[in-house]
Amino acid sequence: MLNERMTAQLAPQLALLTALRRTTNVTRAAELLGVPQPTVSRRISALGEALGAPLTVPDGRGIRLTRAAELLADAAERALAAVDAGVRQAREEVDPGSGHVVLGFLHLLGRSLVPTLLRGYRADHPGVRFTLVQGSRQDMVDRLTSGELDLALLAPAPVDDPLLDTAVLTEQEIFLSVPTSHRLADRPSAAIEDLKDEEFVLLETGYGLRTITDDLCAAAGFEPKIAFEGQESDTVRGLVAAGLGVALLPRFEPGSPAGVVEVPLVPPVGRTIGLAWRRDVVLPPAVLRFRERVRARPW
């Protein structure tokens, strides 16, 4: 019964605990919650009395949560996340034409694939709002598992993570990108072994293409000589065009990149593109509809 009474007192103050943790200041927490500061102070005092220990202690010009309050704040954040998810699902159930999808994807997929998917979906569901997040493959996986993303377009796929499900959508061929003046630019094809003495322009560790490049070179018996590392494929192509190295990249779309020749690899190299989501989360209706639309697309 004691725990139940404490829970009943705590439940209405979940947002207060998270605001105090975030701001470390009673006045700013009150502003964040839109209530007078004395009200916040009274609620903190009442919760401390119910717990039998203070929730805050002075810390410079602000406050910090006690260890006991930190434990309650952890529970409050988890509870609020569950409530937020429930509210989102309920609102979209009442109004199926609305909704919000947080979609993560790799930079390279943002040039043509993502706009194509969104254009088709929004034509049928104009009320759905999208938040788009770009990053490396590892960054997308981390954000997906933490709950920051609803869905993520990844390559290569599937993802070896017990928390995630992945639907493989298509395969994308990888080419050798070289400057127009390069010795291999006029070749009909090239092998990875042909590149052992070349300097490479690579994406940073954590990007799927970096892993593919490292693995292919290792299988050919050498480590790539790294001239430059970047976080964005267009920058990598620009450095290749400037004659500063070679790179392994998907075909540039649309058209051909200026100053760069794309040479097919032998044997051919490809990477799978997939759509991933948390398997332990009930996805809101708008997210489910978009996921199934992407999966059903004729790839």
# chains A, B, ... in the order shown; residues from 1 in each chain; ligands from 1
>>> residues_around(residues="Gly221 in chain A", least_positions_apart="5", cutoff="9 Å", atoms="only C-alpha atoms", output="list of chain:residue names")
A:Glu193, A:Lys196, A:Leu216
>>> residues_around(residues="range 271-287 of chain A", least_positions_apart="3", cutoff="7 Å", atoms="only C-alpha atoms", output="MDAnalysis selection string")
chainID A and resid 88:89 92:93 99:101 144:145 150:158 163:173 290:291
>>> select_by_dssp(residues="range 50-292 of chain A", states="strand (DSSP E)", output="PyMOL selection string")
chain A and resi 56-59+62-65+100-106+129-135+151-154+164-179+199-203+225-230+247-250+260-278
>>> atom_distance(atom1="CA of Ser98 in chain A", atom2="CA of Phe130 in chain A")
10.8 Å
>>> atom_distance(atom1="CA of His182 in chain A", atom2="CA of Leu203 in chain A")
20.6 Å
>>> atom_distance(atom1="CA of Arg28 in chain A", atom2="CA of Leu51 in chain A")
23.7 Å
>>> select_by_dssp(residues="range 52-187 of chain A", states="helix (DSSP H, G or I)", output="VMD selection string")
chain A and resid 67 to 94 107 to 110 113 to 124 137 to 146
>>> residues_around(residues="range 254-264 of chain A", least_positions_apart="3", cutoff="6 Å", atoms="only C-alpha atoms", output="PyMOL selection string")
chain A and resi 175-180+185+189+241
>>> write_last_selection(atoms="all heavy atoms", output="PDB file, in the first residue's frame")
ATOM      1  N   PHE A 175      30.776   1.113 -57.700  1.00  0.00           N
ATOM      2  CA  PHE A 175      31.729   1.364 -58.778  1.00  0.00           C
ATOM      3  C   PHE A 175      33.020   1.958 -58.219  1.00  0.00           C
ATOM      4  O   PHE A 175      33.035   2.539 -57.133  1.00  0.00           O
ATOM      5  CB  PHE A 175      31.137   2.361 -59.794  1.00  0.00           C
ATOM      6  CG  PHE A 175      29.971   1.813 -60.578  1.00  0.00           C
ATOM      7  CD1 PHE A 175      28.696   1.806 -60.038  1.00  0.00           C
ATOM      8  CD2 PHE A 175      30.158   1.313 -61.857  1.00  0.00           C
ATOM      9  CE1 PHE A 175      27.622   1.310 -60.753  1.00  0.00           C
ATOM     10  CE2 PHE A 175      29.088   0.811 -62.588  1.00  0.00           C
ATOM     11  CZ  PHE A 175      27.818   0.810 -62.030  1.00  0.00           C
ATOM     12  N   LEU A 176      34.069   1.835 -59.008  1.00  0.00           N
ATOM     13  CA  LEU A 176      35.310   2.529 -58.708  1.00  0.00           C
ATOM     14  C   LEU A 176      35.226   3.931 -59.304  1.00  0.00           C
ATOM     15  O   LEU A 176      35.035   4.087 -60.517  1.00  0.00           O
ATOM     16  CB  LEU A 176      36.502   1.777 -59.304  1.00  0.00           C
ATOM     17  CG  LEU A 176      37.844   2.514 -59.281  1.00  0.00           C
ATOM     18  CD1 LEU A 176      38.318   2.742 -57.853  1.00  0.00           C
ATOM     19  CD2 LEU A 176      38.884   1.753 -60.101  1.00  0.00           C
ATOM     20  N   SER A 177      35.364   4.944 -58.461  1.00  0.00           N
ATOM     21  CA  SER A 177      35.351   6.335 -58.921  1.00  0.00           C
ATOM     22  C   SER A 177      36.787   6.836 -59.000  1.00  0.00           C
ATOM     23  O   SER A 177      37.521   6.802 -58.006  1.00  0.00           O
ATOM     24  CB  SER A 177      34.545   7.214 -57.954  1.00  0.00           C
ATOM     25  OG  SER A 177      33.174   6.867 -57.988  1.00  0.00           O
ATOM     26  N   VAL A 178      37.179   7.294 -60.200  1.00  0.00           N
ATOM     27  CA  VAL A 178      38.536   7.774 -60.413  1.00  0.00           C
ATOM     28  C   VAL A 178      38.485   9.111 -61.154  1.00  0.00           C
ATOM     29  O   VAL A 178      37.500   9.419 -61.832  1.00  0.00           O
ATOM     30  CB  VAL A 178      39.385   6.764 -61.229  1.00  0.00           C
ATOM     31  CG1 VAL A 178      39.515   5.449 -60.486  1.00  0.00           C
ATOM     32  CG2 VAL A 178      38.781   6.553 -62.622  1.00  0.00           C
ATOM     33  N   PRO A 179      39.525   9.929 -61.054  1.00  0.00           N
ATOM     34  CA  PRO A 179      39.573  11.163 -61.849  1.00  0.00           C
ATOM     35  C   PRO A 179      39.618  10.839 -63.342  1.00  0.00           C
ATOM     36  O   PRO A 179      40.072   9.760 -63.746  1.00  0.00           O
ATOM     37  CB  PRO A 179      40.872  11.844 -61.390  1.00  0.00           C
ATOM     38  CG  PRO A 179      41.280  11.136 -60.144  1.00  0.00           C
ATOM     39  CD  PRO A 179      40.720   9.767 -60.204  1.00  0.00           C
ATOM     40  N   THR A 180      39.174  11.773 -64.180  1.00  0.00           N
ATOM     41  CA  THR A 180      39.142  11.529 -65.629  1.00  0.00           C
ATOM     42  C   THR A 180      40.535  11.264 -66.205  1.00  0.00           C
ATOM     43  O   THR A 180      40.656  10.604 -67.243  1.00  0.00           O
ATOM     44  CB  THR A 180      38.516  12.727 -66.348  1.00  0.00           C
ATOM     45  OG1 THR A 180      39.198  13.933 -65.944  1.00  0.00           O
ATOM     46  CG2 THR A 180      37.042  12.860 -66.007  1.00  0.00           C
ATOM     47  N   ALA A 185      40.804   5.110 -65.954  1.00  0.00           N
ATOM     48  CA  ALA A 185      39.579   5.781 -66.390  1.00  0.00           C
ATOM     49  C   ALA A 185      39.045   5.235 -67.710  1.00  0.00           C
ATOM     50  O   ALA A 185      37.828   5.246 -67.940  1.00  0.00           O
ATOM     51  CB  ALA A 185      39.816   7.285 -66.502  1.00  0.00           C
ATOM     52  N   SER A 189      36.679  -2.161 -67.033  1.00  0.00           N
ATOM     53  CA  SER A 189      36.432  -2.655 -65.682  1.00  0.00           C
ATOM     54  C   SER A 189      37.747  -2.648 -64.921  1.00  0.00           C
ATOM     55  O   SER A 189      38.826  -2.466 -65.500  1.00  0.00           O
ATOM     56  CB  SER A 189      35.837  -4.074 -65.704  1.00  0.00           C
ATOM     57  OG  SER A 189      36.754  -4.980 -66.298  1.00  0.00           O
ATOM     58  N   ALA A 241      37.526  13.957 -57.982  1.00  0.00           N
ATOM     59  CA  ALA A 241      37.584  14.789 -59.188  1.00  0.00           C
ATOM     60  C   ALA A 241      38.818  15.680 -59.197  1.00  0.00           C
ATOM     61  O   ALA A 241      39.375  15.987 -60.258  1.00  0.00           O
ATOM     62  CB  ALA A 241      36.319  15.633 -59.300  1.00  0.00           C
TER      63      ALA A 241
END
>>> closest_residue(among="A:Ala219, A:Leu55, A:Ile174, A:Ile192", to="Thr24 in chain A", atoms="only C-alpha atoms")
A:Leu55
>>> residues_around(residues="range 34-45 of chain A", least_positions_apart="2", cutoff="12 Å", atoms="only C-alpha atoms", output="MDAnalysis selection string")
chainID A and resid 9:10 12:17 19:20 25:32 47:57 63 65:66 69
>>> write_last_selection(atoms="N, CA, C and O atoms", output="compact mmCIF listing (two decimals), in the first residue's frame")
# COMPACT_ATOMS: atom_id res chain seq x y z
N GLN A 9 1.08 9.68 -5.81
CA GLN A 9 1.58 11.04 -5.66
C GLN A 9 2.59 11.40 -6.74
O GLN A 9 2.66 12.54 -7.20
N LEU A 10 3.37 10.41 -7.15
CA LEU A 10 4.42 10.67 -8.12
C LEU A 10 3.88 10.84 -9.54
O LEU A 10 4.37 11.69 -10.29
N PRO A 12 1.41 12.33 -11.14
CA PRO A 12 1.16 13.64 -11.73
C PRO A 12 2.41 14.52 -11.83
O PRO A 12 2.36 15.57 -12.47
N GLN A 13 3.50 14.11 -11.19
CA GLN A 13 4.69 14.96 -11.15
C GLN A 13 5.84 14.42 -12.00
O GLN A 13 7.00 14.80 -11.83
N LEU A 14 5.51 13.52 -12.94
CA LEU A 14 6.57 12.95 -13.77
C LEU A 14 7.32 14.04 -14.55
O LEU A 14 8.55 14.05 -14.62
N ALA A 15 6.55 14.95 -15.13
CA ALA A 15 7.18 16.02 -15.92
C ALA A 15 8.03 16.93 -15.03
O ALA A 15 9.06 17.45 -15.48
N LEU A 16 7.63 17.10 -13.77
CA LEU A 16 8.40 17.94 -12.85
C LEU A 16 9.79 17.34 -12.63
O LEU A 16 10.81 18.05 -12.67
N LEU A 17 9.85 16.04 -12.38
CA LEU A 17 11.15 15.41 -12.14
C LEU A 17 12.07 15.51 -13.36
O LEU A 17 13.26 15.82 -13.23
N ALA A 19 11.91 17.79 -15.69
CA ALA A 19 12.27 19.20 -15.88
C ALA A 19 13.38 19.62 -14.91
O ALA A 19 14.30 20.35 -15.28
N LEU A 20 13.30 19.15 -13.68
CA LEU A 20 14.36 19.46 -12.70
C LEU A 20 15.70 18.87 -13.12
O LEU A 20 16.75 19.50 -12.99
N ASN A 25 17.46 23.78 -12.07
CA ASN A 25 17.09 25.09 -11.54
C ASN A 25 15.58 25.14 -11.36
O ASN A 25 14.84 24.85 -12.30
N VAL A 26 15.11 25.49 -10.16
CA VAL A 26 13.68 25.48 -9.88
C VAL A 26 12.95 26.52 -10.72
O VAL A 26 11.86 26.26 -11.26
N THR A 27 13.53 27.71 -10.87
CA THR A 27 12.87 28.75 -11.65
C THR A 27 12.72 28.34 -13.11
O THR A 27 11.63 28.49 -13.70
N ARG A 28 13.79 27.80 -13.70
CA ARG A 28 13.70 27.39 -15.10
C ARG A 28 12.77 26.20 -15.27
O ARG A 28 12.08 26.08 -16.29
N ALA A 29 12.75 25.30 -14.28
CA ALA A 29 11.81 24.17 -14.36
C ALA A 29 10.38 24.67 -14.33
O ALA A 29 9.51 24.18 -15.07
N ALA A 30 10.09 25.68 -13.49
CA ALA A 30 8.75 26.26 -13.43
C ALA A 30 8.38 26.89 -14.76
O ALA A 30 7.24 26.73 -15.25
N GLU A 31 9.33 27.61 -15.39
CA GLU A 31 9.07 28.22 -16.69
C GLU A 31 8.81 27.16 -17.75
O GLU A 31 7.92 27.30 -18.59
N LEU A 32 9.57 26.08 -17.69
CA LEU A 32 9.40 25.00 -18.66
C LEU A 32 8.03 24.36 -18.54
O LEU A 32 7.39 24.02 -19.54
N LEU A 47 6.68 15.83 -2.43
CA LEU A 47 7.23 14.55 -2.87
C LEU A 47 8.33 14.07 -1.94
O LEU A 47 8.44 12.88 -1.64
N GLY A 48 9.15 15.00 -1.46
CA GLY A 48 10.21 14.62 -0.53
C GLY A 48 9.64 14.08 0.77
O GLY A 48 10.15 13.11 1.33
N GLU A 49 8.58 14.71 1.26
CA GLU A 49 7.95 14.21 2.49
C GLU A 49 7.36 12.83 2.27
O GLU A 49 7.45 11.96 3.14
N ALA A 50 6.73 12.63 1.11
CA ALA A 50 6.14 11.32 0.84
C ALA A 50 7.22 10.24 0.73
O ALA A 50 7.03 9.11 1.18
N LEU A 51 8.37 10.61 0.16
CA LEU A 51 9.45 9.65 0.02
C LEU A 51 10.20 9.43 1.32
O LEU A 51 10.77 8.36 1.56
N GLY A 52 10.21 10.46 2.17
CA GLY A 52 10.95 10.38 3.41
C GLY A 52 12.38 10.83 3.26
O GLY A 52 13.22 10.56 4.14
N ALA A 53 12.68 11.53 2.19
CA ALA A 53 14.04 12.04 1.94
C ALA A 53 13.92 13.18 0.94
O ALA A 53 13.03 13.18 0.09
N PRO A 54 14.81 14.17 0.98
CA PRO A 54 14.74 15.28 0.04
C PRO A 54 15.01 14.83 -1.39
O PRO A 54 15.74 13.86 -1.62
N LEU A 55 14.41 15.54 -2.35
CA LEU A 55 14.62 15.24 -3.76
C LEU A 55 15.77 16.05 -4.36
O LEU A 55 16.36 15.64 -5.36
N THR A 56 16.06 17.20 -3.76
CA THR A 56 17.09 18.07 -4.31
C THR A 56 18.03 18.54 -3.22
O THR A 56 17.68 18.58 -2.04
N VAL A 57 19.24 18.91 -3.65
CA VAL A 57 20.21 19.54 -2.75
C VAL A 57 20.81 20.72 -3.50
O VAL A 57 20.89 20.71 -4.74
N ILE A 63 20.39 23.55 -8.39
CA ILE A 63 20.15 22.38 -7.56
C ILE A 63 20.55 21.14 -8.35
O ILE A 63 20.73 21.20 -9.57
N LEU A 65 19.55 16.73 -8.34
CA LEU A 65 18.72 15.69 -7.75
C LEU A 65 19.55 14.80 -6.85
O LEU A 65 20.72 14.52 -7.12
N THR A 66 18.94 14.35 -5.77
CA THR A 66 19.57 13.35 -4.92
C THR A 66 19.58 12.01 -5.65
O THR A 66 18.93 11.84 -6.69
N ALA A 69 16.13 10.74 -5.95
CA ALA A 69 15.36 11.46 -6.96
C ALA A 69 15.80 11.07 -8.38
O ALA A 69 14.99 11.02 -9.30
>>> closest_residue(among="A:Arg297, A:Arg137, A:Arg143, A:Arg289", to="Leu113 in chain A", atoms="only C-alpha atoms")
A:Arg297
>>> closest_residue(among="A:Glu199, A:Glu70, A:Glu253, A:Asp161", to="Ala227 in chain A", atoms="only C-alpha atoms")
A:Glu199
>>> closest_residue(among="A:Arg293, A:Ala191, A:Phe222, A:Leu209", to="Val266 in chain A", atoms="only C-alpha atoms")
A:Ala191
>>> residues_around(residues="Gly135 in chain A", least_positions_apart="4", cutoff="10 Å", atoms="only C-alpha atoms", output="ChimeraX atom specification")
/A:104-108,139-141,143,206-207,231-232
>>> closest_residue(among="A:Pro268, A:Pro115, A:Thr205, A:Ile212", to="Ala247 in chain A", atoms="only C-alpha atoms")
A:Ile212
